[in-house]
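Raw query.csv, CSV, C-alpha atoms and all ligand atoms:
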chain,number,residue,atom,x,y,z
A,1,MET,CA,102.9,74.3,102.9
A,2,SER,CA,103.0,78.1,103.0
A,3,SER,CA,105.0,79.5,100.2
A,4,ARG,CA,107.5,80.9,102.8
A,5,ARG,CA,108.0,77.5,104.4
A,6,LYS,CA,108.2,75.9,101.0
A,7,PHE,CA,111.0,78.4,100.1
A,8,LEU,CA,112.9,77.7,103.2
A,9,HIS,CA,112.5,74.0,102.7
A,10,THR,CA,113.7,74.1,99.1
A,11,SER,CA,116.6,76.4,99.8
A,12,ALA,CA,117.7,74.2,102.7
A,13,ALA,CA,117.6,71.2,100.4
A,14,GLY,CA,119.5,73.2,97.8
A,15,LEU,CA,122.2,74.2,100.3
A,16,ALA,CA,122.5,70.6,101.5
A,17,GLY,CA,122.9,69.6,97.8
A,18,LEU,CA,125.6,72.2,97.4
A,19,ALA,CA,127.5,71.0,100.4
A,20,ALA,CA,127.4,67.4,99.0
A,21,ALA,CA,128.3,68.5,95.4
A,22,PRO,CA,131.9,67.7,94.4
A,23,LEU,CA,134.1,70.7,93.9
A,24,ALA,CA,135.2,71.6,90.4
A,25,ALA,CA,138.2,69.6,89.5
A,26,VAL,CA,141.4,71.4,90.4
A,27,ALA,CA,144.8,70.0,89.3
A,28,LEU,CA,146.4,68.6,92.4
A,29,PRO,CA,149.6,70.5,93.1
A,30,ALA,CA,152.8,68.5,92.5
A,31,ALA,CA,154.9,67.7,95.5
A,32,PRO,CA,157.2,70.6,96.3
A,33,ALA,CA,160.7,70.6,94.8
A,34,VAL,CA,163.2,69.8,97.4
A,35,GLY,CA,167.0,70.3,97.6
A,36,LYS,CA,167.1,73.5,95.5
A,37,PRO,CA,166.9,76.6,97.5
A,38,ILE,CA,165.8,79.8,95.7
A,39,VAL,CA,165.0,83.3,96.7
A,40,ILE,CA,163.4,86.1,94.8
A,41,SER,CA,162.9,89.7,95.9
A,42,THR,CA,161.7,93.0,94.5
A,43,TRP,CA,163.8,95.8,93.0
A,44,ASP,CA,167.5,96.1,92.9
A,45,ALA,CA,167.7,96.2,96.7
A,46,GLY,CA,167.2,92.5,96.3
A,47,VAL,CA,170.8,92.1,95.3
A,48,ASN,CA,172.1,92.9,98.8
A,49,ALA,CA,169.0,91.4,100.5
A,50,ASN,CA,169.3,88.1,98.6
A,51,LYS,CA,173.0,87.8,99.7
A,52,GLY,CA,171.8,88.2,103.3
A,53,ALA,CA,169.2,85.5,102.7
A,54,TRP,CA,171.6,83.2,101.0
A,55,LYS,CA,173.9,83.1,104.0
A,56,ILE,CA,171.0,81.1,105.6
A,57,LEU,CA,169.5,79.3,102.6
A,58,GLY,CA,172.9,78.2,101.1
A,59,PRO,CA,174.0,76.1,104.1
A,60,GLY,CA,170.5,74.5,104.3
A,61,GLY,CA,168.8,76.9,106.7
A,62,TYR,CA,165.2,77.7,107.2
A,63,ALA,CA,163.4,79.9,104.6
A,64,LEU,CA,161.7,81.9,107.4
A,65,ASP,CA,165.1,82.9,108.9
A,66,ALA,CA,166.3,83.7,105.4
A,67,VAL,CA,163.4,86.0,104.4
A,68,GLU,CA,163.8,87.8,107.8
A,69,ALA,CA,167.5,88.2,107.6
A,70,GLY,CA,167.4,89.1,103.9
A,71,VAL,CA,165.1,92.1,104.2
A,72,MET,CA,166.8,93.3,107.4
A,73,VAL,CA,169.7,94.1,105.2
A,74,THR,CA,167.5,96.6,103.3
A,75,GLU,CA,165.9,97.9,106.5
A,76,ALA,CA,169.3,98.8,107.8
A,77,GLU,CA,170.3,100.6,104.6
A,78,GLN,CA,169.4,104.3,104.6
A,79,GLY,CA,167.1,104.2,101.5
A,80,CYS,CA,164.0,106.0,100.3
A,81,CYS,CA,161.4,103.4,100.9
A,82,VAL,CA,162.4,100.9,103.6
A,83,GLY,CA,163.3,101.3,107.2
A,84,LEU,CA,163.9,104.4,109.3
A,85,GLY,CA,165.9,106.0,106.4
A,86,GLY,CA,162.7,106.1,104.4
A,87,ASN,CA,160.6,109.1,103.4
A,88,PRO,CA,158.2,110.3,106.0
A,89,ASP,CA,154.4,110.8,105.9
A,90,ARG,CA,153.0,114.3,105.3
A,91,ASP,CA,153.5,115.2,109.0
A,92,GLY,CA,157.2,114.4,108.7
A,93,VAL,CA,157.1,111.1,110.6
A,94,VAL,CA,158.6,107.8,109.2
A,95,THR,CA,156.0,105.0,109.7
A,96,LEU,CA,156.9,101.5,108.8
A,97,ASP,CA,154.7,98.5,107.6
A,98,ALA,CA,155.9,94.9,107.4
A,99,CYS,CA,154.6,91.3,107.4
A,100,ILE,CA,156.0,87.8,107.4
A,101,MET,CA,154.4,84.4,106.6
A,102,ASP,CA,155.7,80.9,107.0
A,103,GLU,CA,154.9,77.5,105.3
A,104,LYS,CA,152.2,76.7,107.8
A,105,PHE,CA,149.9,79.7,107.4
A,106,ASN,CA,151.4,81.4,110.4
A,107,CYS,CA,151.7,85.1,109.8
A,108,GLY,CA,152.3,88.4,111.6
A,109,GLY,CA,152.5,92.0,110.7
A,110,VAL,CA,153.0,95.5,112.0
A,111,ALA,CA,151.6,98.8,110.5
A,112,ALA,CA,152.4,102.4,111.1
A,113,LEU,CA,155.2,101.5,113.4
A,114,GLU,CA,157.5,104.3,114.4
A,115,ARG,CA,161.1,104.4,115.7
A,116,ILE,CA,161.9,100.7,115.3
A,117,LYS,CA,164.8,99.7,113.1
A,118,HIS,CA,163.6,96.3,112.1
A,119,PRO,CA,159.8,96.1,111.6
A,120,ILE,CA,160.1,92.7,110.0
A,121,SER,CA,161.5,91.2,113.2
A,122,VAL,CA,158.6,92.7,115.2
A,123,ALA,CA,156.2,91.2,112.6
A,124,ARG,CA,157.8,87.8,113.3
A,125,ARG,CA,157.4,88.3,117.0
A,126,VAL,CA,153.7,89.2,116.4
A,127,MET,CA,153.5,85.9,114.6
A,128,GLU,CA,155.3,83.8,117.1
A,129,ARG,CA,154.5,85.4,120.4
A,130,THR,CA,151.0,86.8,120.2
A,131,PRO,CA,147.6,85.4,119.4
A,132,HIS,CA,147.2,88.1,116.7
A,133,VAL,CA,148.3,88.7,113.2
A,134,LEU,CA,148.5,92.5,113.0
A,135,LEU,CA,149.5,95.2,115.5
A,136,VAL,CA,149.4,98.9,114.6
A,137,GLY,CA,150.8,102.2,115.6
A,138,GLU,CA,151.3,102.8,119.3
A,139,GLY,CA,150.4,99.3,120.3
A,140,ALA,CA,152.9,97.8,117.8
A,141,GLN,CA,155.6,100.1,119.2
A,142,GLN,CA,154.7,99.2,122.8
A,143,PHE,CA,154.9,95.5,121.9
A,144,ALA,CA,158.2,96.0,120.2
A,145,VAL,CA,159.7,97.8,123.2
A,146,ALA,CA,158.4,95.1,125.5
A,147,GLN,CA,160.1,92.6,123.3
A,148,GLY,CA,163.4,94.4,123.7
A,149,PHE,CA,163.6,96.3,120.4
A,150,PRO,CA,165.3,99.7,121.1
A,151,LEU,CA,163.5,102.9,120.3
A,152,GLU,CA,165.5,104.8,117.8
A,153,PRO,CA,165.6,108.6,117.7
A,154,ARG,CA,162.8,110.4,115.9
A,155,LYS,CA,165.0,111.8,113.2
A,156,LEU,CA,164.9,111.8,109.4
A,157,SER,CA,167.8,110.7,107.3
A,158,ALA,CA,169.6,113.5,105.4
A,159,ASP,CA,168.0,112.3,102.1
A,160,ALA,CA,164.6,112.0,103.6
A,161,GLU,CA,164.9,115.5,105.2
A,162,LYS,CA,165.8,116.9,101.8
A,163,ALA,CA,163.0,115.2,100.0
A,164,TYR,CA,160.5,116.2,102.6
A,165,LYS,CA,161.5,119.9,102.5
A,166,LYS,CA,161.1,119.8,98.8
A,167,TRP,CA,157.7,118.1,99.0
A,168,LEU,CA,156.6,120.8,101.5
A,169,GLU,CA,157.0,123.4,98.8
A,170,THR,CA,153.9,122.1,97.1
A,171,SER,CA,152.5,119.5,99.5
A,172,GLN,CA,151.0,117.6,96.5
A,173,TYR,CA,150.5,113.9,97.1
A,174,LYS,CA,151.7,112.4,93.9
A,175,PRO,CA,153.5,109.1,94.2
A,176,VAL,CA,156.6,108.8,92.0
A,177,VAL,CA,156.4,105.8,89.7
A,178,ASN,CA,159.4,103.4,90.2
A,179,ILE,CA,160.9,105.6,93.0
A,180,GLU,CA,162.0,102.3,94.6
A,181,ASN,CA,164.4,101.7,91.7
A,182,SER,CA,167.6,103.6,92.7
A,183,LYS,CA,168.4,104.0,89.0
A,184,SER,CA,165.2,105.9,88.3
A,185,ARG,CA,165.0,108.2,91.3
A,186,PRO,CA,164.2,111.8,90.4
A,187,ASN,CA,167.5,113.0,91.9
A,188,GLY,CA,169.4,110.0,90.7
A,189,PRO,CA,170.8,107.2,92.8
A,190,VAL,CA,171.3,108.2,96.4
A,191,GLY,CA,174.3,106.3,97.7
A,192,GLY,CA,174.6,104.1,94.7
A,193,PRO,CA,172.5,101.3,93.1
A,194,GLN,CA,171.2,98.3,94.9
A,195,ASN,CA,170.8,100.2,98.0
A,196,HIS,CA,167.5,101.8,98.7
A,197,ASP,CA,164.3,100.0,97.8
A,198,THR,CA,161.0,98.7,99.2
A,199,ILE,CA,161.4,95.0,99.6
A,200,ALA,CA,159.3,91.9,99.4
A,201,MET,CA,161.1,88.5,99.4
A,202,LEU,CA,160.0,84.9,98.8
A,203,ALA,CA,162.2,81.9,99.5
A,204,MET,CA,162.1,78.2,99.3
A,205,ASP,CA,164.7,76.3,101.4
A,206,ALA,CA,166.4,73.0,100.7
A,207,GLN,CA,163.5,71.2,102.5
A,208,GLY,CA,160.9,72.8,100.2
A,209,ARG,CA,159.6,75.1,102.8
A,210,ILE,CA,158.3,78.4,101.3
A,211,CYS,CA,158.2,81.6,103.4
A,212,GLY,CA,157.8,85.3,102.6
A,213,SER,CA,158.5,88.8,104.0
A,214,CYS,CA,157.6,92.3,103.0
A,215,THR,CA,158.8,95.6,104.6
A,216,THR,CA,158.4,99.3,103.6
A,217,SER,CA,158.1,102.8,104.8
A,218,GLY,CA,155.1,103.0,102.5
A,219,MET,CA,154.3,105.7,100.0
A,220,ALA,CA,156.2,108.9,100.6
A,221,PHE,CA,154.2,111.8,102.1
A,222,LYS,CA,151.2,109.7,102.7
A,223,MET,CA,148.4,110.8,105.0
A,224,ARG,CA,149.2,110.2,108.7
A,225,GLY,CA,147.8,106.8,109.6
A,226,ARG,CA,147.7,105.5,106.0
A,227,VAL,CA,148.5,101.8,105.8
A,228,GLY,CA,149.3,100.2,102.4
A,229,ASP,CA,149.3,96.6,101.2
A,230,SER,CA,152.7,95.7,102.6
A,231,PRO,CA,151.7,94.6,106.1
A,232,LEU,CA,148.5,93.0,105.0
A,233,ILE,CA,148.6,89.2,104.5
A,234,GLY,CA,146.9,88.4,101.2
A,235,SER,CA,147.6,91.8,99.7
A,236,GLY,CA,151.4,92.5,100.0
A,237,LEU,CA,152.3,88.9,100.7
A,238,PHE,CA,150.7,85.5,100.7
A,239,VAL,CA,152.1,82.0,101.1
A,240,ASP,CA,150.3,78.7,100.5
A,241,PRO,CA,152.7,75.7,100.8
A,242,ALA,CA,150.6,73.6,98.4
A,243,VAL,CA,151.0,76.2,95.7
A,244,GLY,CA,153.7,78.8,96.3
A,245,ALA,CA,154.0,82.4,97.3
A,246,ALA,CA,153.5,85.9,95.9
A,247,ALA,CA,154.3,89.5,97.0
A,248,ALA,CA,153.6,93.0,95.7
A,249,THR,CA,155.2,96.3,95.4
A,250,GLY,CA,154.1,99.7,94.1
A,251,GLN,CA,150.8,101.6,94.7
A,252,GLY,CA,149.4,99.7,97.7
A,253,GLU,CA,145.9,100.9,97.4
A,254,ASP,CA,145.6,99.2,94.1
A,255,VAL,CA,147.1,96.0,95.4
A,256,VAL,CA,144.6,95.9,98.3
A,257,ARG,CA,141.7,96.4,95.8
A,258,ILE,CA,142.3,93.0,94.3
A,259,ALA,CA,143.9,91.2,97.3
A,260,GLY,CA,146.9,91.1,95.1
A,261,ALA,CA,149.3,88.5,96.5
A,262,HIS,CA,146.4,86.1,97.3
A,263,THR,CA,145.0,86.5,93.8
A,264,VAL,CA,148.4,85.6,92.3
A,265,VAL,CA,148.7,82.5,94.5
A,266,GLU,CA,145.1,81.4,93.6
A,267,LEU,CA,145.9,81.9,89.9
A,268,MET,CA,148.9,79.6,90.3
A,269,ARG,CA,146.7,77.1,92.0
A,270,GLN,CA,144.6,77.1,88.9
A,271,GLY,CA,147.6,76.1,86.9
A,272,ARG,CA,149.2,79.4,85.8
A,273,SER,CA,153.0,79.7,85.8
A,274,PRO,CA,154.3,82.3,88.3
A,275,GLN,CA,154.8,84.8,85.6
A,276,ALA,CA,151.4,84.3,84.0
A,277,ALA,CA,149.7,84.6,87.4
A,278,CYS,CA,151.5,87.9,88.0
A,279,GLN,CA,150.5,89.1,84.5
A,280,GLU,CA,146.8,88.3,85.0
A,281,ALA,CA,146.7,90.0,88.4
A,282,ILE,CA,148.3,93.1,86.8
A,283,GLY,CA,145.8,92.9,84.0
A,284,ARG,CA,142.9,93.1,86.5
A,285,ILE,CA,144.4,96.2,88.1
A,286,ALA,CA,144.9,97.8,84.7
A,287,ALA,CA,141.2,97.1,83.8
A,288,ILE,CA,140.0,98.6,87.1
A,289,LYS,CA,142.2,101.7,86.7
A,290,GLY,CA,141.5,102.4,83.0
A,291,VAL,CA,143.3,105.5,81.8
A,292,LYS,CA,144.6,106.1,85.3
A,293,ALA,CA,146.7,103.0,85.1
A,294,LYS,CA,149.5,105.0,83.6
A,295,ASP,CA,149.9,107.1,86.7
A,296,ILE,CA,150.8,104.2,89.0
A,297,GLN,CA,153.2,101.4,89.2
A,298,VAL,CA,152.3,98.0,90.6
A,299,ALA,CA,154.3,94.8,90.3
A,300,PHE,CA,154.1,91.3,91.6
A,301,ILE,CA,156.7,88.6,92.1
A,302,ALA,CA,155.9,84.9,92.6
A,303,LEU,CA,157.5,81.6,93.4
A,304,ASN,CA,155.7,78.2,93.0
A,305,ASN,CA,156.5,75.1,94.9
A,306,GLN,CA,158.4,73.7,92.0
A,307,GLY,CA,161.0,76.5,92.4
A,308,GLN,CA,159.9,78.4,89.4
A,309,THR,CA,159.8,82.2,89.7
A,310,GLY,CA,158.1,85.0,87.8
A,311,ALA,CA,157.3,88.7,87.9
A,312,TYR,CA,155.2,91.2,86.1
A,313,ALA,CA,154.7,94.9,86.3
A,314,LEU,CA,152.1,97.5,85.2
A,315,GLN,CA,154.8,99.6,83.6
A,316,LYS,CA,158.4,99.6,82.6
A,317,GLY,CA,161.1,100.1,85.3
A,318,PHE,CA,160.4,97.3,87.7
A,319,ASN,CA,163.3,94.9,88.4
A,320,PHE,CA,163.7,92.0,90.7
A,321,THR,CA,166.5,89.7,91.9
A,322,VAL,CA,166.6,86.0,91.9
A,323,SER,CA,169.3,83.8,93.6
A,324,THR,CA,169.8,80.1,93.2
A,325,THR,CA,173.5,80.4,94.2
A,326,ASP,CA,175.3,83.0,96.3
A,327,THR,CA,175.4,85.3,93.2
A,328,PRO,CA,172.1,87.2,92.8
A,329,VAL,CA,170.8,87.9,89.3
A,330,LEU,CA,169.0,91.2,88.7
A,331,ARG,CA,166.4,91.0,86.0
A,332,ASP,CA,164.1,93.6,84.3
A,333,SER,CA,160.5,92.6,84.6
A,334,GLU,CA,158.1,92.2,81.7
A,335,PHE,CA,155.4,94.9,81.9
A,336,LEU,CA,151.9,95.7,80.5
A,337,LEU,CA,151.8,99.3,79.4
A,338,LYS,CA,154.0,99.5,76.4
B,1,LIG,C1,152.8,100.8,99.8
B,1,LIG,N1,153.3,99.0,98.4
B,1,LIG,O1,152.9,101.3,101.0
B,1,LIG,C2,153.9,99.9,99.3
B,1,LIG,C3,154.9,100.8,98.6
B,1,LIG,C4,155.8,100.0,97.8
B,1,LIG,O2,157.6,99.9,96.4
B,1,LIG,O3,155.8,98.8,97.6
B,1,LIG,N2,156.7,100.6,97.1
B,1,LIG,O4,151.8,101.1,99.1
If you took the structure in this file and wrote it as structure tokens, what would it be?
Amino acid sequence: MSSRRKFLHTSAAGLAGLAAAPLAAVALPAAPAVGKPIVISTWDAGVNANKGAWKILGPGGYALDAVEAGVMVTEAEQGCCVGLGGNPDRDGVVTLDACIMDEKFNCGGVAALERIKHPISVARRVMERTPHVLLVGEGAQQFAVAQGFPLEPRKLSADAEKAYKKWLETSQYKPVVNIENSKSRPNGPVGGPQNHDTIAMLAMDAQGRICGSCTTSGMAFKMRGRVGDSPLIGSGLFVDPAVGAAAATGQGEDVVRIAGAHTVVELMRQGRSPQAACQEAIGRIAAIKGVKAKDIQVAFIALNNQGQTGAYALQKGFNFTVSTTDTPVLRDSEFLLK
């Protein structure tokens, strides 16, 4: 046999062997916890958003409806980082990113969507009414309008207008760490706490179904056309019913780099608790960024199918909200850079 034929022969045999080889033992996930609804979301916006979600989860409703309705509360608030009240891109245009995922791997997203009040609902329509998972820009808007979503005026909120004018004085792109947390905004809370944040939400309903959502106006003063992690399934959000769900917030580029939410879910599959999984994913980002890690914030939240939650951030200042009743509990996250 010629050496090339021999090589092909042996590699084919090797591949066949690989296919037949048993996979490394992985602990089988326990059956999902049922009867104990729970919802977790990012930042202090989660307080109002969780209340919205609980109206559905509390009486036994579907987690997908809960994660949509919950983040719609934040989208409707005129805050810095979510919905049409958000900060614009460097050309002065608000562009919105969102995605949603259910307990059966159905998912949908929109990116760089303009003039639509509830991008999360458009993401759900993408999931339910198209053969695709992601629509962007003009096409996403065209789809939204065809689905009956009204086109809102192209107008910045008063706060965004002010922030944009200030930014134009230097035009330096420099994301502000923890800008999402209303307590730590450079100009202080705008309109009070629990009001103005980028939001990702994970929920398990009374039947043990886990779903997630994520919606944002993205990094303030980003390049026109920039898309972050938030509308990307596997980066900003991931759900695997056999394991749990995870979501991200903060500097999207660095979440995408490690396929963040998917990484957290895979770490939980390997046996990590939600918090340990978030911590390990943050550690990877820190290792990649090196000394530059201090210039960014990234945080993950996670929920496993036993109803346990966890969160971890790169730096101080990230908080998240958990609800197991109609009273949300706001917690400060553990963080890496002390
Ligand atoms: C982005 N991850 O567009 C988003 C921003 C964010 O809290 O989550 N801010 O990169």
Can I get the residues close to ligand LIG 1 (chain B) as a ChimeraX atom specification, where close means within 10 Å and we count all atoms listed in the file?
/A:42-43,80-82,95-98,111,175-181,197-200,214-220,222,226-231,235-236,247-256,297-300,318
Quick one, how far is atom CA of A:Pro241 from atom CA of A:Gly35?
15.6 Å
For atom CA of A:Val126 and atom CA of A:Gly109, determine how far apart the two atoms are, in Å to one decimal place.
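We find that atom CA of A:Val126 and atom CA of A:Gly109 lie 6.5 Å from each other.
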Could you state the separation of atom CA of A:Gly307 and atom CA of A:Lys55 in Å, given to one decimal place?
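One can read the atom CA of A:Gly307 to atom CA of A:Lys55 distance as 18.6 Å.
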Using only C-alpha atoms, can you tell me which of A:Ala261, A:Val239, A:Val71, A:Ala63 comes closest to A:Val47?
A:Val71
Nearest to A:Ala287: which of A:Val329, A:Leu337, A:Gln270, A:Pro153 is it, counting only C-alpha atoms?
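The closest residue to A:Ala287 is A:Leu337.
When only C-alpha atoms are used to compute distances to A:His118, the closest of the residues A:Ala281, A:Val145, A:Leu84, A:Val133 turns out to be A:Leu84.
Proximity of A:Gly290, A:Asn87, A:Ala144, A:Gly225 to A:Lys165, computed with all atoms listed in the file, is greatest for A:Asn87.
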Using all atoms listed in the file, what residues lie at most 7 Å away from (162.7, 95.0, 85.0) (file coordinates), given as a list in words?
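Collected hits near the coordinates: Lys316, Gly317, Phe318, Asn319, Phe320, Arg331, Asp332, Ser333 and Glu334 of chain A.
Closest approach to A:Val73 among A:Val322, A:Ile38, A:Ala245, A:Ile120 is made by A:Ile120 (distances from only C-alpha atoms).
Each of A:Asn50, A:Gln315, A:Thr74, A:Ser171 was compared to A:Asp89 using only C-alpha atoms, and A:Ser171 turns out to be the nearest.
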